[in-house]
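Chemist: Before I ask anything, let me first share the structure, which is written out below as structure tokens.
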Amino acid sequence: MGIIQELESRGLINQVTDRDGLESLLDEKQVTLYCGFDPTGDSLHIGHLLTIITLRRFQLAGHKPLALVGGATGLIGDPSGKKAERTLNEEEVVHMYRDRIKGQLQKYLDFEGDKKAEVVNNYDWIGNMSVISFLRDVGKHFGLNYMLSKEAVSSRIDSGISFTEFSYQILQSFDFHHLYEEKGCQLQIGGSDQWGNITGGLELIRRMSGGVEGEPPRAFGFTIPLVTKADGTKFGKTEGGAIWLDPDKTSPYEFYQFLLNTDDRDVIKFIKYFTFLDEEEIQSLEKEVETQPEERVAQRRLAEELTAFVHGNDALKQAQNITDALFGGGDLKELTAEEVKQGFKDVPTHVVNEDAKPLVDVLVDAGIASSKRQAREDIRNGAIYINGERCQTLEKTMGNEDKIDNAFTIIRRGKKKYFLIQY
């Protein structure tokens with residue numbers, strides 16, 4: 001099965017220019033392809049992951065991926081999918097974002113061997129371009145009617161679009177032309193919202209680059225679908241915000257839990273999109289969803305595969321340990337300090353400096369109980385749990401034996417109210 005057939009079987013083809021020509025090219029040679037990532041923040045999020053994984057699929061099929069970090073285009077702002085102008089960041093901020101994102105991309109592709117990936121930065125060829133060169137050498141190839149016909153622009157005509165964002169499609173088109181000329185890059189991939197920018201690049205290559213023996217240049221564009229959930233909402237958005245690839249912004253445990261809570265209606269589609277599992281295993285998981293949905297076998301498999309891909313096997317193990325301790329009857333005391341920090345990231349935390357302190361005082365000082373009287377009543381009634389174990393001893397003193405990894409104690413009041421004591 002060729003790479004295009006594999007992508008089609010996974011539902012990953014949205015639009016492609018000259019599919020037969022692209023399949024022929026991919027069959028006859030190693031193809032260099034690219035996808036762009038603008039540094040509009042200090043981390044990529046899970047919404048970027050599908051294009052990263054698609055680059056990886058092409059690499060596994062023997063082709064050479066280029067991950068473009070838009071140090072230049074990130075200063076301009078892509079209007080695609082936006083209803084209003086972006087706020088422009090300062091140059092030093094964009095460069096910091098660029099370096100962070102470059103580091104993330106280097107985790108997910110193979111940078112060794114004959115199909116080794118490269119990370120490129122369009123600031124290297126756009127940053128020093130003069131206004132005259134931009135207008136005479138590149139801009140002259142773009143007709144106004146052609147640019148206005150692009151959905152990213154036409155959708156903003158009524159609400160307004162600046163010349164800055166209007167010119168974005170020219171810069172991205174020039175990226176494709178530059179990589180075609182300098183790296184032999186013949187394919188650009190992207191999300192469905194990038195179709196207009198990608199076809200603009202193909203048109204620029206046609207106009208500025210000569211073909212072989214009179215034949216037109218062989219360059220192609222390919223987009224993958226927008227990832228949506230069964231309820232119509234965008235994948236990767238939660239009440240708490242985006243699911244980031246940076247573990248300091250979204251911990252591996254939070255990442256794992258997000259995937260573990262995937263709707264039954266979405267899980268097989270997401271497994272096809274985001275994992276490298278073969279068709280036989282996917283079909284087996286689909287049967288599990290149909291016959292034993294309560295076991296959530298497919299959700300666990302999705303969470304395992306994607307957490308390991310993004311954060312590594314050690315982080316996956318941590319996420320599984322936390323999940324088992326909180327929801328599977330595991331022993332909280334077996335957690336490490338790092339696992340406690342991940343699993344209880346958002347619970348109220350109180351710092352205790354003493355080596356030993358009466359439980360009643362801890363409950364009051366930490367705001368777990370409103371008074372010593374209330375604290376004693378909660379202990380007496382069995383409402384207080386220390387590291388998962390009920391405590392009904394009024395004279396209990398918190399000591400070293402209650403510390404997890406010599407750093408934390410987890411106190412629960414009732415069924416769901418957790419508090420973290422930090423030493």
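Identifiers in this document derive from the order of the structure tokens: chains are assigned A, B, ..., residues are numbered from 1 separately in each chain, and ligands are numbered from 1 in order of occurrence.
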Would you mind writing down, as a PDB file with N, CA and C atoms, in the first residue's frame, each residue of range 207-290 of chain A that DSSP on the backbone assigns to alpha helix (DSSP H)?

Modeler:
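Result written to states.pdb:
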```pdb
ATOM      1  N   ARG A 207       4.985  29.980 -12.252  1.00  0.00           N
ATOM      2  CA  ARG A 207       5.353  31.219 -12.922  1.00  0.00           C
ATOM      3  C   ARG A 207       6.857  31.515 -12.858  1.00  0.00           C
ATOM      4  N   MET A 208       7.498  31.148 -11.745  1.00  0.00           N
ATOM      5  CA  MET A 208       8.894  31.558 -11.531  1.00  0.00           C
ATOM      6  C   MET A 208       9.912  30.469 -11.809  1.00  0.00           C
ATOM      7  N   PRO A 252       1.908  15.465  31.202  1.00  0.00           N
ATOM      8  CA  PRO A 252       1.622  14.185  30.556  1.00  0.00           C
ATOM      9  C   PRO A 252       0.371  13.507  31.125  1.00  0.00           C
ATOM     10  N   TYR A 253       0.132  13.661  32.430  1.00  0.00           N
ATOM     11  CA  TYR A 253      -1.077  13.084  33.026  1.00  0.00           C
ATOM     12  C   TYR A 253      -2.327  13.762  32.469  1.00  0.00           C
ATOM     13  N   GLU A 254      -2.321  15.081  32.373  1.00  0.00           N
ATOM     14  CA  GLU A 254      -3.473  15.797  31.817  1.00  0.00           C
ATOM     15  C   GLU A 254      -3.670  15.430  30.352  1.00  0.00           C
ATOM     16  N   PHE A 255      -2.585  15.300  29.616  1.00  0.00           N
ATOM     17  CA  PHE A 255      -2.624  14.905  28.214  1.00  0.00           C
ATOM     18  C   PHE A 255      -3.245  13.514  28.083  1.00  0.00           C
ATOM     19  N   TYR A 256      -2.780  12.594  28.919  1.00  0.00           N
ATOM     20  CA  TYR A 256      -3.279  11.217  28.914  1.00  0.00           C
ATOM     21  C   TYR A 256      -4.766  11.180  29.256  1.00  0.00           C
ATOM     22  N   GLN A 257      -5.158  11.931  30.277  1.00  0.00           N
ATOM     23  CA  GLN A 257      -6.557  11.954  30.694  1.00  0.00           C
ATOM     24  C   GLN A 257      -7.459  12.551  29.612  1.00  0.00           C
ATOM     25  N   PHE A 258      -6.991  13.578  28.922  1.00  0.00           N
ATOM     26  CA  PHE A 258      -7.768  14.169  27.841  1.00  0.00           C
ATOM     27  C   PHE A 258      -8.112  13.111  26.797  1.00  0.00           C
ATOM     28  N   LEU A 259      -7.138  12.303  26.419  1.00  0.00           N
ATOM     29  CA  LEU A 259      -7.365  11.269  25.415  1.00  0.00           C
ATOM     30  C   LEU A 259      -8.188  10.118  25.967  1.00  0.00           C
ATOM     31  N   LEU A 260      -7.983   9.804  27.235  1.00  0.00           N
ATOM     32  CA  LEU A 260      -8.729   8.718  27.861  1.00  0.00           C
ATOM     33  C   LEU A 260     -10.224   9.023  27.906  1.00  0.00           C
ATOM     34  N   ASP A 264     -16.869   7.707  22.643  1.00  0.00           N
ATOM     35  CA  ASP A 264     -16.905   6.457  21.876  1.00  0.00           C
ATOM     36  C   ASP A 264     -17.094   6.714  20.387  1.00  0.00           C
ATOM     37  N   ARG A 265     -17.824   7.768  20.058  1.00  0.00           N
ATOM     38  CA  ARG A 265     -18.107   8.063  18.650  1.00  0.00           C
ATOM     39  C   ARG A 265     -16.861   8.561  17.905  1.00  0.00           C
ATOM     40  N   ASP A 266     -15.863   9.021  18.628  1.00  0.00           N
ATOM     41  CA  ASP A 266     -14.675   9.611  18.012  1.00  0.00           C
ATOM     42  C   ASP A 266     -13.437   8.733  18.081  1.00  0.00           C
ATOM     43  N   VAL A 267     -13.413   7.784  18.996  1.00  0.00           N
ATOM     44  CA  VAL A 267     -12.143   7.156  19.357  1.00  0.00           C
ATOM     45  C   VAL A 267     -11.499   6.405  18.197  1.00  0.00           C
ATOM     46  N   ILE A 268     -12.262   5.685  17.396  1.00  0.00           N
ATOM     47  CA  ILE A 268     -11.654   4.938  16.291  1.00  0.00           C
ATOM     48  C   ILE A 268     -11.121   5.899  15.232  1.00  0.00           C
ATOM     49  N   LYS A 269     -11.863   6.949  14.945  1.00  0.00           N
ATOM     50  CA  LYS A 269     -11.374   7.951  13.989  1.00  0.00           C
ATOM     51  C   LYS A 269     -10.055   8.544  14.470  1.00  0.00           C
ATOM     52  N   PHE A 270      -9.972   8.859  15.758  1.00  0.00           N
ATOM     53  CA  PHE A 270      -8.743   9.458  16.284  1.00  0.00           C
ATOM     54  C   PHE A 270      -7.592   8.464  16.298  1.00  0.00           C
ATOM     55  N   ILE A 271      -7.898   7.192  16.528  1.00  0.00           N
ATOM     56  CA  ILE A 271      -6.854   6.167  16.463  1.00  0.00           C
ATOM     57  C   ILE A 271      -6.290   6.088  15.044  1.00  0.00           C
ATOM     58  N   LYS A 272      -7.166   6.149  14.052  1.00  0.00           N
ATOM     59  CA  LYS A 272      -6.699   6.137  12.662  1.00  0.00           C
ATOM     60  C   LYS A 272      -5.866   7.375  12.356  1.00  0.00           C
ATOM     61  N   TYR A 273      -6.306   8.515  12.853  1.00  0.00           N
ATOM     62  CA  TYR A 273      -5.601   9.769  12.596  1.00  0.00           C
ATOM     63  C   TYR A 273      -4.242   9.826  13.271  1.00  0.00           C
ATOM     64  N   PHE A 274      -4.211   9.514  14.573  1.00  0.00           N
ATOM     65  CA  PHE A 274      -3.077   9.892  15.414  1.00  0.00           C
ATOM     66  C   PHE A 274      -2.128   8.759  15.792  1.00  0.00           C
ATOM     67  N   GLU A 279      -4.158  -1.887  10.555  1.00  0.00           N
ATOM     68  CA  GLU A 279      -5.590  -2.023  10.314  1.00  0.00           C
ATOM     69  C   GLU A 279      -6.193  -3.164  11.128  1.00  0.00           C
ATOM     70  N   GLU A 280      -5.440  -4.246  11.287  1.00  0.00           N
ATOM     71  CA  GLU A 280      -5.964  -5.391  12.041  1.00  0.00           C
ATOM     72  C   GLU A 280      -6.249  -5.014  13.495  1.00  0.00           C
ATOM     73  N   GLU A 281      -5.323  -4.315  14.122  1.00  0.00           N
ATOM     74  CA  GLU A 281      -5.543  -3.926  15.516  1.00  0.00           C
ATOM     75  C   GLU A 281      -6.656  -2.884  15.624  1.00  0.00           C
ATOM     76  N   ILE A 282      -6.723  -1.991  14.661  1.00  0.00           N
ATOM     77  CA  ILE A 282      -7.780  -0.983  14.692  1.00  0.00           C
ATOM     78  C   ILE A 282      -9.159  -1.640  14.589  1.00  0.00           C
ATOM     79  N   GLN A 283      -9.276  -2.628  13.721  1.00  0.00           N
ATOM     80  CA  GLN A 283     -10.555  -3.338  13.599  1.00  0.00           C
ATOM     81  C   GLN A 283     -10.914  -4.055  14.889  1.00  0.00           C
ATOM     82  N   SER A 284      -9.907  -4.626  15.564  1.00  0.00           N
ATOM     83  CA  SER A 284     -10.150  -5.288  16.841  1.00  0.00           C
ATOM     84  C   SER A 284     -10.639  -4.291  17.889  1.00  0.00           C
ATOM     85  N   LEU A 285     -10.032  -3.119  17.913  1.00  0.00           N
ATOM     86  CA  LEU A 285     -10.452  -2.091  18.860  1.00  0.00           C
ATOM     87  C   LEU A 285     -11.857  -1.577  18.540  1.00  0.00           C
ATOM     88  N   GLU A 286     -12.190  -1.521  17.264  1.00  0.00           N
ATOM     89  CA  GLU A 286     -13.526  -1.087  16.868  1.00  0.00           C
ATOM     90  C   GLU A 286     -14.584  -2.060  17.388  1.00  0.00           C
ATOM     91  N   LYS A 287     -14.272  -3.341  17.363  1.00  0.00           N
ATOM     92  CA  LYS A 287     -15.201  -4.340  17.919  1.00  0.00           C
ATOM     93  C   LYS A 287     -15.353  -4.168  19.420  1.00  0.00           C
ATOM     94  N   GLU A 288     -14.255  -3.826  20.092  1.00  0.00           N
ATOM     95  CA  GLU A 288     -14.323  -3.591  21.543  1.00  0.00           C
ATOM     96  C   GLU A 288     -15.266  -2.429  21.859  1.00  0.00           C
ATOM     97  N   VAL A 289     -15.190  -1.383  21.043  1.00  0.00           N
ATOM     98  CA  VAL A 289     -16.071  -0.223  21.258  1.00  0.00           C
ATOM     99  C   VAL A 289     -17.524  -0.621  21.061  1.00  0.00           C
ATOM    100  N   GLU A 290     -17.778  -1.492  20.083  1.00  0.00           N
ATOM    101  CA  GLU A 290     -19.149  -1.906  19.786  1.00  0.00           C
ATOM    102  C   GLU A 290     -19.703  -2.857  20.840  1.00  0.00           C
TER     103      GLU A 290
END
```

Chemist: Skip Gly143 in chain A itself and residues of its chain fewer than 2 positions away, then list as a PyMOL selection string all residues within 12 Å of it, counting only C-alpha atoms.

Modeler: chain A and resi 138-141+145-150+167+170+200+203-204

Chemist: Save the residues we just selected, N, CA and C atoms, as a PDB file, in the first residue's frame?

Modeler:
```
ATOM      1  N   VAL A 138       8.413  39.059  -6.625  1.00  0.00           N
ATOM      2  CA  VAL A 138       7.417  38.088  -6.150  1.00  0.00           C
ATOM      3  C   VAL A 138       5.995  38.620  -6.331  1.00  0.00           C
ATOM      4  N   GLY A 139       5.747  39.816  -5.796  1.00  0.00           N
ATOM      5  CA  GLY A 139       4.392  40.349  -5.804  1.00  0.00           C
ATOM      6  C   GLY A 139       3.795  40.504  -7.190  1.00  0.00           C
ATOM      7  N   LYS A 140       4.643  40.748  -8.209  1.00  0.00           N
ATOM      8  CA  LYS A 140       4.124  40.969  -9.562  1.00  0.00           C
ATOM      9  C   LYS A 140       3.449  39.728 -10.137  1.00  0.00           C
ATOM     10  N   HIS A 141       3.702  38.569  -9.540  1.00  0.00           N
ATOM     11  CA  HIS A 141       3.103  37.328 -10.040  1.00  0.00           C
ATOM     12  C   HIS A 141       1.713  37.067  -9.461  1.00  0.00           C
ATOM     13  N   ASN A 145      -7.334  39.953  -8.231  1.00  0.00           N
ATOM     14  CA  ASN A 145      -8.541  39.116  -8.242  1.00  0.00           C
ATOM     15  C   ASN A 145      -8.244  37.709  -7.724  1.00  0.00           C
ATOM     16  N   TYR A 146      -7.068  37.187  -8.100  1.00  0.00           N
ATOM     17  CA  TYR A 146      -6.664  35.856  -7.640  1.00  0.00           C
ATOM     18  C   TYR A 146      -6.534  35.828  -6.117  1.00  0.00           C
ATOM     19  N   MET A 147      -5.906  36.859  -5.569  1.00  0.00           N
ATOM     20  CA  MET A 147      -5.712  36.903  -4.118  1.00  0.00           C
ATOM     21  C   MET A 147      -7.037  37.084  -3.385  1.00  0.00           C
ATOM     22  N   LEU A 148      -7.923  37.906  -3.943  1.00  0.00           N
ATOM     23  CA  LEU A 148      -9.219  38.138  -3.299  1.00  0.00           C
ATOM     24  C   LEU A 148     -10.098  36.893  -3.322  1.00  0.00           C
ATOM     25  N   SER A 149      -9.841  35.992  -4.263  1.00  0.00           N
ATOM     26  CA  SER A 149     -10.672  34.785  -4.364  1.00  0.00           C
ATOM     27  C   SER A 149     -10.361  33.765  -3.284  1.00  0.00           C
ATOM     28  N   LYS A 150      -9.222  33.900  -2.607  1.00  0.00           N
ATOM     29  CA  LYS A 150      -8.848  32.950  -1.571  1.00  0.00           C
ATOM     30  C   LYS A 150      -9.764  33.103  -0.357  1.00  0.00           C
ATOM     31  N   SER A 167      -1.060  40.199   2.615  1.00  0.00           N
ATOM     32  CA  SER A 167       0.163  39.782   1.917  1.00  0.00           C
ATOM     33  C   SER A 167       0.703  38.440   2.414  1.00  0.00           C
ATOM     34  N   ILE A 170       1.303  35.663  -0.065  1.00  0.00           N
ATOM     35  CA  ILE A 170       2.456  35.815  -0.948  1.00  0.00           C
ATOM     36  C   ILE A 170       3.714  35.271  -0.277  1.00  0.00           C
ATOM     37  N   GLY A 200      -1.530  28.844  -3.883  1.00  0.00           N
ATOM     38  CA  GLY A 200      -0.811  30.056  -4.264  1.00  0.00           C
ATOM     39  C   GLY A 200       0.661  29.771  -4.499  1.00  0.00           C
ATOM     40  N   GLU A 203       1.127  28.055  -7.837  1.00  0.00           N
ATOM     41  CA  GLU A 203       1.034  29.012  -8.939  1.00  0.00           C
ATOM     42  C   GLU A 203       2.323  29.822  -9.072  1.00  0.00           C
ATOM     43  N   LEU A 204       2.918  30.197  -7.939  1.00  0.00           N
ATOM     44  CA  LEU A 204       4.170  30.949  -7.989  1.00  0.00           C
ATOM     45  C   LEU A 204       5.300  30.094  -8.558  1.00  0.00           C
TER      46      LEU A 204
END
```

Chemist: Would you mind writing down, as a PyMOL selection string, each residue of range 64-198 of chain A that DSSP on the backbone assigns to strand (DSSP E or B)?

Modeler: chain A and resi 64-69+118-121+185-191

Chemist: Could you give me, as a PyMOL selection string, the residues within 8 Å of Leu55 in chain A, counting only C-alpha atoms and dropping anything in the same chain fewer than 6 positions from it?

Modeler: chain A and resi 34-35+65+109

Chemist: Within 8 Å of Asp38 in chain A, counting only C-alpha atoms, which residues qualify if same-chain residues fewer than 6 places away don't, as number ranges by chain?

Modeler: A: 69-71, 73-74, 98

Chemist: Write out as a list of chain:residue names each polymer residue whose atoms come within 12 Å of Lys249 in chain A, counting only C-alpha atoms; drop sequence neighbours fewer than 2 positions from it.

Modeler: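 Selected residues are A:Gly41, A:Asp42, A:Ser43, A:Leu44, A:His45, A:Ile46, A:Gly240, A:Gly241, A:Ala242, A:Ile243, A:Trp244, A:Leu245, A:Asp246, A:Pro247, A:Ser251, A:Pro252, A:Tyr253, A:Glu254, A:Phe255, A:Gln342, A:Lys345.
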
Chemist: Taking only C-alpha atoms into account, produce a table as CSV in which each residue of range 267-355 of chain A with an atom at most 7 Å from an atom of range 419-423 of chain A appears once, together with its shortest atom pair and the distance in Å to one decimal, ordered by chain and rising number.

Modeler:
```
residue,atom,partner,partner_atom,distance
A:Val347,CA,A:Phe419,CA,5.8
A:Pro348,CA,A:Phe419,CA,5.2
A:Thr349,CA,A:Leu420,CA,4.6
A:His350,CA,A:Ile421,CA,5.0
A:Val351,CA,A:Gln422,CA,4.7
A:Val352,CA,A:Tyr423,CA,5.3
A:Asn353,CA,A:Tyr423,CA,6.0
```

Chemist: For those residues, write N, CA and C atoms to a file as a PDB file, in the first residue's frame.

Modeler:
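Full text of part_13.pdb as output:
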```pdb
ATOM      1  N   VAL A 347      -5.236  21.243  42.640  1.00  0.00           N
ATOM      2  CA  VAL A 347      -5.935  21.189  43.925  1.00  0.00           C
ATOM      3  C   VAL A 347      -5.312  22.205  44.882  1.00  0.00           C
ATOM      4  N   PRO A 348      -6.063  22.678  45.878  1.00  0.00           N
ATOM      5  CA  PRO A 348      -5.503  23.615  46.864  1.00  0.00           C
ATOM      6  C   PRO A 348      -4.290  23.020  47.569  1.00  0.00           C
ATOM      7  N   THR A 349      -3.255  23.832  47.740  1.00  0.00           N
ATOM      8  CA  THR A 349      -2.005  23.367  48.343  1.00  0.00           C
ATOM      9  C   THR A 349      -1.664  24.225  49.557  1.00  0.00           C
ATOM     10  N   HIS A 350      -1.218  23.563  50.604  1.00  0.00           N
ATOM     11  CA  HIS A 350      -0.819  24.256  51.829  1.00  0.00           C
ATOM     12  C   HIS A 350       0.560  23.768  52.237  1.00  0.00           C
ATOM     13  N   VAL A 351       1.442  24.706  52.574  1.00  0.00           N
ATOM     14  CA  VAL A 351       2.814  24.368  52.949  1.00  0.00           C
ATOM     15  C   VAL A 351       2.909  24.245  54.469  1.00  0.00           C
ATOM     16  N   VAL A 352       3.497  23.136  54.920  1.00  0.00           N
ATOM     17  CA  VAL A 352       3.739  22.893  56.348  1.00  0.00           C
ATOM     18  C   VAL A 352       5.241  22.814  56.564  1.00  0.00           C
ATOM     19  N   ASN A 353       5.747  23.586  57.510  1.00  0.00           N
ATOM     20  CA  ASN A 353       7.185  23.618  57.763  1.00  0.00           C
ATOM     21  C   ASN A 353       7.622  22.724  58.913  1.00  0.00           C
TER      22      ASN A 353
END
```

Chemist: Counting only C-alpha atoms, figure out which residue out of A:Thr54, A:Leu88, A:Glu165, A:Leu171 gets nearest to Gly127 in chain A.

Modeler: A:Leu171

Chemist: Name the closest residue to Ser192 in chain A among the candidates A:Gly329, A:Gly81, A:Gly62, A:Gly232; distances are taken between atoms, counting only C-alpha atoms.

Modeler: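 Smallest distance to Ser192 in chain A is found for A:Gly81.
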
Chemist: I need the residue nearest Leu179 in chain A from this list: A:Arg296, A:Leu226, A:Asp365, A:Thr32. Use only C-alpha atoms for the distance.

Modeler: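 Of the candidates, the smallest distance to Leu179 in chain A is held by A:Thr32.
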
Chemist: Find, counting only C-alpha atoms, the residue in A:Ile76, A:Ala319, A:Ile13, A:Leu187 that gets nearest to Thr307 in chain A.

Modeler: A:Ala319

Chemist: Please indicate the distance in Å from CA of Lys83 in chain A to CA of Lys229 in chain A, rounded to one decimal place.

Modeler: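 CA of Lys229 in chain A lies 21.6 Å from CA of Lys83 in chain A.
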
Chemist: Between A:Asn89, A:Asn387, A:Thr393, A:Asn128, which one has atoms that come closest to Pro358 in chain A, using only C-alpha atoms?

Modeler: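 Among the listed residues, A:Thr393 lies closest to Pro358 in chain A.
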
Chemist: Which of these residues is nearest to Pro225 in chain A, using only C-alpha atoms: A:Gly47, A:Gln5, A:Arg136, A:Gly328?

Modeler: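 Counting only C-alpha atoms, the residue closest to Pro225 in chain A is A:Gly47.
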
Chemist: So how far away is CA of Lys29 in chain A from CA of Asp110 in chain A, in Å?

Modeler: 19.0 Å
